Structure formats: structure tokens, C-alpha cells
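A short write-up of the structure that comes next.
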There are 2 protein chains.
Amino acid sequence: MRDFSRDHRWLSLNTATVRKQGDLSQIIDACARHGIRAIDPWRDQVAAVGLDRAVRAVRDAGLDLSGYCRGGLFTSDIAHRGEVRDDNRRCVDEAKALGASCIVLVAGGLPQYSRPGSAASKDIANARAQVEEALADMLDYARGASMPLAIEPLHPAYAADRACVNTTKQALDICDRLDPQRSGALGVALDVYHIWWDPEVLPQIARAGKDRLLAFHVCDWLVPTKDILNDRGMMGDGVIDIRSIRAAVEAQGYAGYSEIEIFSNDWWAKPMDEALKTCIERHKTVV
Amino acid sequence: MRDFSRDHRWLSLNTATVRKQGDLSQIIDACARHGIRAIDPWRDQVAAVGLDRAVRAVRDAGLDLSGYCRGGLFTSDIAHRGEVRDDNRRCVDEAKALGASCIVLVAGGLPQYSRPGSAASKDIANARAQVEEALADMLDYARGASMPLAIEPLHPAYAADRACVNTTKQALDICDRLDPQRSGALGVALDVYHIWWDPEVLPQIARAGKDRLLAFHVCDWLVPTKDILNDRGMMGDGVIDIRSIRAAVEAQGYAGYSEIEIFSNDWWAKPMDEALKTCIERHKTVV
């Protein structure tokens, strides 16, 4: 297991963590100030500064991209299927231009939340079937661009409105069906926030193996959680045994970035440099 | 599948649903006014009026008890193990006096939340091992009293602070280990709120079979959920396809009560009779 205590060379910053402190250009400048070598930017943050400017800023700063957030939202009614396909193909093009190592996929929940305007449904089994169908289409396109896709299982608390892929097993079952040859084109992004509770998480990480482990995200689960979406904790402030999960991931040969992704009304209220200093310190002492 | 649309003979009221509208005696009176034949009272509500008085009120009203809430909270540090054992034995005695059909078990999360004062831990695997050990002890005692125990898997959002048994599969695995003969002494209480998101829920209900299906609870999952504990929805106000889950449960031969259990700041604010009228109407039209 890698020793993270001496420097933060393996820290990547998911840029949603400081999305209220500045735009993507300002975040990239702050990463340079703090010696952060990698980021995972969100599509809306890239769009806000413009794709060309984002590409230049990433290149000029010499940043790696541990992922690109986010593709997917595959569930919709029939009228919105074209939107799903086109939107995800654009996402692949953007990720390619930015030089991302993979696209993080959030599957989408029930159609009315995933693609607003879609007819309402309570059929989660059907939503899951749709995810697989639309992902297969995106995978064809992404293979053409040599852009790996990483399915992120989200915590079951988000099953209705964000992602109906809720366990590592479920994500890996999809990988096995769509990429049985384990080509590297399809895998998982594992975020400790979403998977720590799962009684099957350790054997499923072993099942994933190095070729399916495309990204690893950290933060913490707070007790109590005050807001179901925007109250993720800074590493060390909650109950997740982060190091045990990282040990399991690294035991499979994962040697990529450890990406900090915190959505938190509390942390968004801190100044940029204070937030990043704490990220770096906790990455050394907790992760 | 039973037709619930013409009357509410299979409706049971979990008394937490109206805990802020009155004490247990007042709730039992209200059930009589509305023709509700069964309840599932909470231990603190029984204690508040006194066990003897609760026993008489239940008997005088001719009520069935579809369960007794709640035993468990099995996780603790070593200093609190005796408390866990004694507390659960008292729970069996109370359930027996009240004539409950089973005790609903909430496993407990990490020790510091399950039994306050316990030393803090982030070791959820160890918590799960403790659940099984303490449950085995309680099961011996409950067998002696012929009181069935129903493990309730709780939504993964409660893994840290309420229950580290979070899927139907996990609960049934425990049942198979502690009661391989399927004696009827141990089973599960399935609440749609906790299990609806689970991609494996339907095959696991089939695996449970009639002899492990001891209780069935209904409410709804709201989008957005404003409070992680106290914002459960009235049936029909959320996204759960309740009838499909009930169909799966009844396909196994379950013929017991359908118990309404809603923790909701919104519904606790309604007058007792209005809340119960809505429960009855939604039980006919949605469940």
C-alpha cells in the first residue's frame, strides 16, 4: 500500500469540491499554488469557462485528469433518447480534448429526474435496463475515441433521482455483460462515500481487479448527515474506514490517483486556500 | 394477491406513525374509532403508559400486534454487552405479555451510536460480527418464549447510526446461519422504504419464502428527501412501486398485515384522525 503521509503526489482534486470558491481557471491556479498534480473537472465547470480555454489551462498547468465528471444520466422516456445519446457523445469528445483518463458515469435514476421532461415512472427495473442499453451505445462511441468509461455506483439514497446503479456488484455485472473481454474500455469508479456500507464491497473490489478499477474517490460519511446531497464530510470527520478500502483497491494493483470529491455546504463556505490546505493535510493523515 | 381496495382489514398501524399526536392509549382509542385491527407499538410508547396498562388496552380493544418495535441494537463495546443482553431479554418478555406476533429487530450501527457510551469504532465488519453473536444469544431466549424474531434490514443510509444489516440478502444469510432448519423462530421484517432500491430484492424475497417473511411494512420514498430520518412519505407520495413488492411477498404465501410505518415531521403535525383517515384511504388505493 502506498505511503501517502509524506507528500500529496497521488492527490487529485474533484473540482466540485471547491465549485463555489471560483471558476475552473481559478481552481487550476489554486492547484498550481498548492502543488496539486491532478483534477477531475465537471462538465458545467468546463462549459462555464469554455472548452478551448479549459483545454489550454489544463495543458499549461501540466495537470493530469483523473476523470471527467460526468457522463451518463442514461434513463429517459422515448422522446429524450436522442438527447441522451448526443449528450454522451459530446461528453466523450470533451473528455478526449481535455486528455481525461476516463469518464465517470452517473447512471441516472428514474427518467423524470435523470432527464427532466421525461414521463414519470416508478419502474426502477426498467430504468436499469435502459442504463445498460444506452451505455452500450456510448461504449461503442467511446471505444472509437479510446476513452475508458467508469461506472460509478452511487449510494442507494440516490437510487430515485441520480443513479439506479447502487452497488459495486451491480456495476461489475454490467461491465461483464458489455465488456466480457475486460478490454479496459469499461470499468468502475469507486467512491468510498457510496460503497463503504456494502457488506459485499471487499470481495467485489477483488472481483473488479486492476483492469476494472479506473478511479478511486475519497471523502467521509458524517453522522448525522444533515443534507442528503450536500453534506459529505472531509476525510477524518466521519465514520468511513477509508484506509481499509484503499488497501483493498491497491491490493488489486490500482496505482492511480486518490481523488477528493466533497459536496458540502460547510466546505464550500471556506476560502479556496483553506479548503485545499485541509484536503492536503487530511490526505496525508487520514487517506 | 389480496385485494386491499374494499376494506382495511389487513392494515396495521405502526404506532410511531402518530407518536406525536397522542400516547399509546389515545392511539389505541383512535384505532378503535377507525376500525384498525392491528398495531405495532414501540417500546418507549409502551413504557410511557406502563406495560400492564398497555397489555390491558390492547386486550380490551381486541387488537392484534403485527410486531413489537424494537429489539436489537446489538452492537456495543465490551462494557455494554450485558446491557445489550438484558435489554433484549426484557424486550422478549414485554412482547410476550403484549401478545406480539414477532419482535422487529434493528441491528444497531457502529457501537457508539447503538449503545451510547461505547468506545467509538469505524469497524463495520466487526459490528456485523457482533450483531450475529448477540442475536444468537437473544434467539435462545426468544425460542424459550416462543417469540419469533424478525431482522429488519435498514436502508444503507442508516448503516452507521442505526443498523449495519442493510440488505435482504444480508439478513437472510444471518437467518440461514442461526436458524438453518427454518424453524419459524427467525425471519425478516421487510419495509419497502429500506429495500425498494435493491437490485436483488425480488430474488431475495423468493429466497426468504413464507417461513422467513414475518412482517411487511409500507410507506414511501420522497424526492427530495428533506430529512434522512424523519421525512418518510405517505404511500403514493413518493417513487416506490409498493404494489410490485407486495405482490412478490404475497407470492411466497405471506398473508399477514401490511403495516404502515411513517416517520415524518409533516405527518406528525396533522391531527390524529386526519392522519389515520389518509392512511386508510391510501392503503386502499396505493398499497
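In the C-alpha cells, chains take letters A, B, ... by order of appearance, with residues numbered from 1 within each chain and ligands from 1 in the order shown.
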
Residue list for chain A near chain B as an MDAnalysis selection string, 10 Å, only C-alpha atoms: chainID A and resid 110 113 120:125 128 155:161 164:167 169:170 194:200 221:229 238:242 244

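By chain and then residue number, the residues within 6 Å of Ser258 (chain B) are B:Trp10, B:Leu11, B:Ser12, B:Phe216, B:His217, counting only C-alpha atoms and disregarding those fewer than 2 positions away in sequence.
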
Given the selection you just returned, output its residues as a file containing N, CA and C atoms, formatted as a PDB file, in the first residue's frame.
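Contents of the output file part.pdb:
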```pdb
ATOM      1  N   TRP B  10     -56.526  -5.634   6.533  1.00  0.00           N
ATOM      2  CA  TRP B  10     -55.117  -6.055   6.621  1.00  0.00           C
ATOM      3  C   TRP B  10     -54.171  -4.901   6.923  1.00  0.00           C
ATOM      4  N   LEU B  11     -54.719  -3.782   7.274  1.00  0.00           N
ATOM      5  CA  LEU B  11     -53.886  -2.634   7.661  1.00  0.00           C
ATOM      6  C   LEU B  11     -53.513  -2.752   9.137  1.00  0.00           C
ATOM      7  N   SER B  12     -52.230  -2.653   9.408  1.00  0.00           N
ATOM      8  CA  SER B  12     -51.765  -2.497  10.792  1.00  0.00           C
ATOM      9  C   SER B  12     -51.088  -1.134  10.904  1.00  0.00           C
ATOM     10  N   PHE B 216     -44.362  -7.108   7.054  1.00  0.00           N
ATOM     11  CA  PHE B 216     -44.264  -6.315   5.822  1.00  0.00           C
ATOM     12  C   PHE B 216     -44.734  -4.894   6.129  1.00  0.00           C
ATOM     13  N   HIS B 217     -43.837  -3.923   5.890  1.00  0.00           N
ATOM     14  CA  HIS B 217     -44.120  -2.525   6.247  1.00  0.00           C
ATOM     15  C   HIS B 217     -44.174  -1.650   4.990  1.00  0.00           C
TER      16      HIS B 217
END
```

Expected answer as a PyMOL selection string: strand (DSSP E) residues in region 183-279 of chain B: chain B and resi 186-191+213-218+258-260

Residue among B:Leu98, B:His283, B:Asp86, B:Met235 lying closest to Tyr257 (chain B), counting only C-alpha atoms: B:His283

Gap from CA of Ala247 (chain B) to CA of Ala208 (chain B) - Å, one decimal: 14.1 Å

Selection near region 43-54 of chain A, 7 Å with only C-alpha atoms, sequence-local residues under 4 positions removed, as a VMD selection string: chain A and resid 23 to 24 58 69 to 70

Just-selected residues, N, CA, C and O atoms written as an mmCIF file, in the first residue's frame:
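Dumped everything to out-v5.cif:
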```cif
data_model
loop_
_atom_site.group_PDB
_atom_site.id
_atom_site.type_symbol
_atom_site.label_atom_id
_atom_site.label_comp_id
_atom_site.auth_asym_id
_atom_site.auth_seq_id
_atom_site.Cartn_x
_atom_site.Cartn_y
_atom_site.Cartn_z
ATOM 1 N N ASP A 23 -14.115 29.822 -10.430
ATOM 2 C CA ASP A 23 -14.375 29.074 -11.663
ATOM 3 C C ASP A 23 -13.197 28.135 -11.948
ATOM 4 O O ASP A 23 -12.224 28.082 -11.187
ATOM 5 N N LEU A 24 -13.288 27.385 -13.015
ATOM 6 C CA LEU A 24 -12.287 26.351 -13.261
ATOM 7 C C LEU A 24 -10.894 26.948 -13.414
ATOM 8 O O LEU A 24 -9.902 26.359 -12.949
ATOM 9 N N VAL A 58 -5.514 23.460 -18.620
ATOM 10 C CA VAL A 58 -5.061 22.150 -18.132
ATOM 11 C C VAL A 58 -3.668 21.847 -18.687
ATOM 12 O O VAL A 58 -2.772 21.410 -17.954
ATOM 13 N N CYS A 69 -16.104 14.434 -15.079
ATOM 14 C CA CYS A 69 -17.417 14.266 -14.455
ATOM 15 C C CYS A 69 -18.452 15.085 -15.203
ATOM 16 O O CYS A 69 -18.303 16.277 -15.296
ATOM 17 N N ARG A 70 -19.454 14.554 -15.694
ATOM 18 C CA ARG A 70 -19.839 13.183 -15.648
ATOM 19 C C ARG A 70 -20.656 12.882 -16.875
ATOM 20 O O ARG A 70 -21.413 13.739 -17.370
#
```

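Between CA of Arg59 (chain B) and CA of Phe263 (chain B) the separation is 26.2 Å.
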
Shell of 10 Å around Cys91 (chain B), only C-alpha atoms, local chain residues under 6 positions omitted, as a list in words: Arg43, Tyr68, Cys69, Arg70, Gly71, Gly72, Arg85, Ala97, Ile103, Met138 and Ala142 of chain B

Glu274 (chain A) environment, 12 Å, only C-alpha atoms, sequence neighbours closer than 6 positions dropped, as a ChimeraX atom specification: /A:18,21,30,34,267-268,280-281

Test item: residues at most 9 Å from Arg162 (chain A), only C-alpha atoms, excluding those fewer than 6 positions along its chain, as a ChimeraX atom specification: /A:73,106-110,113-114,154
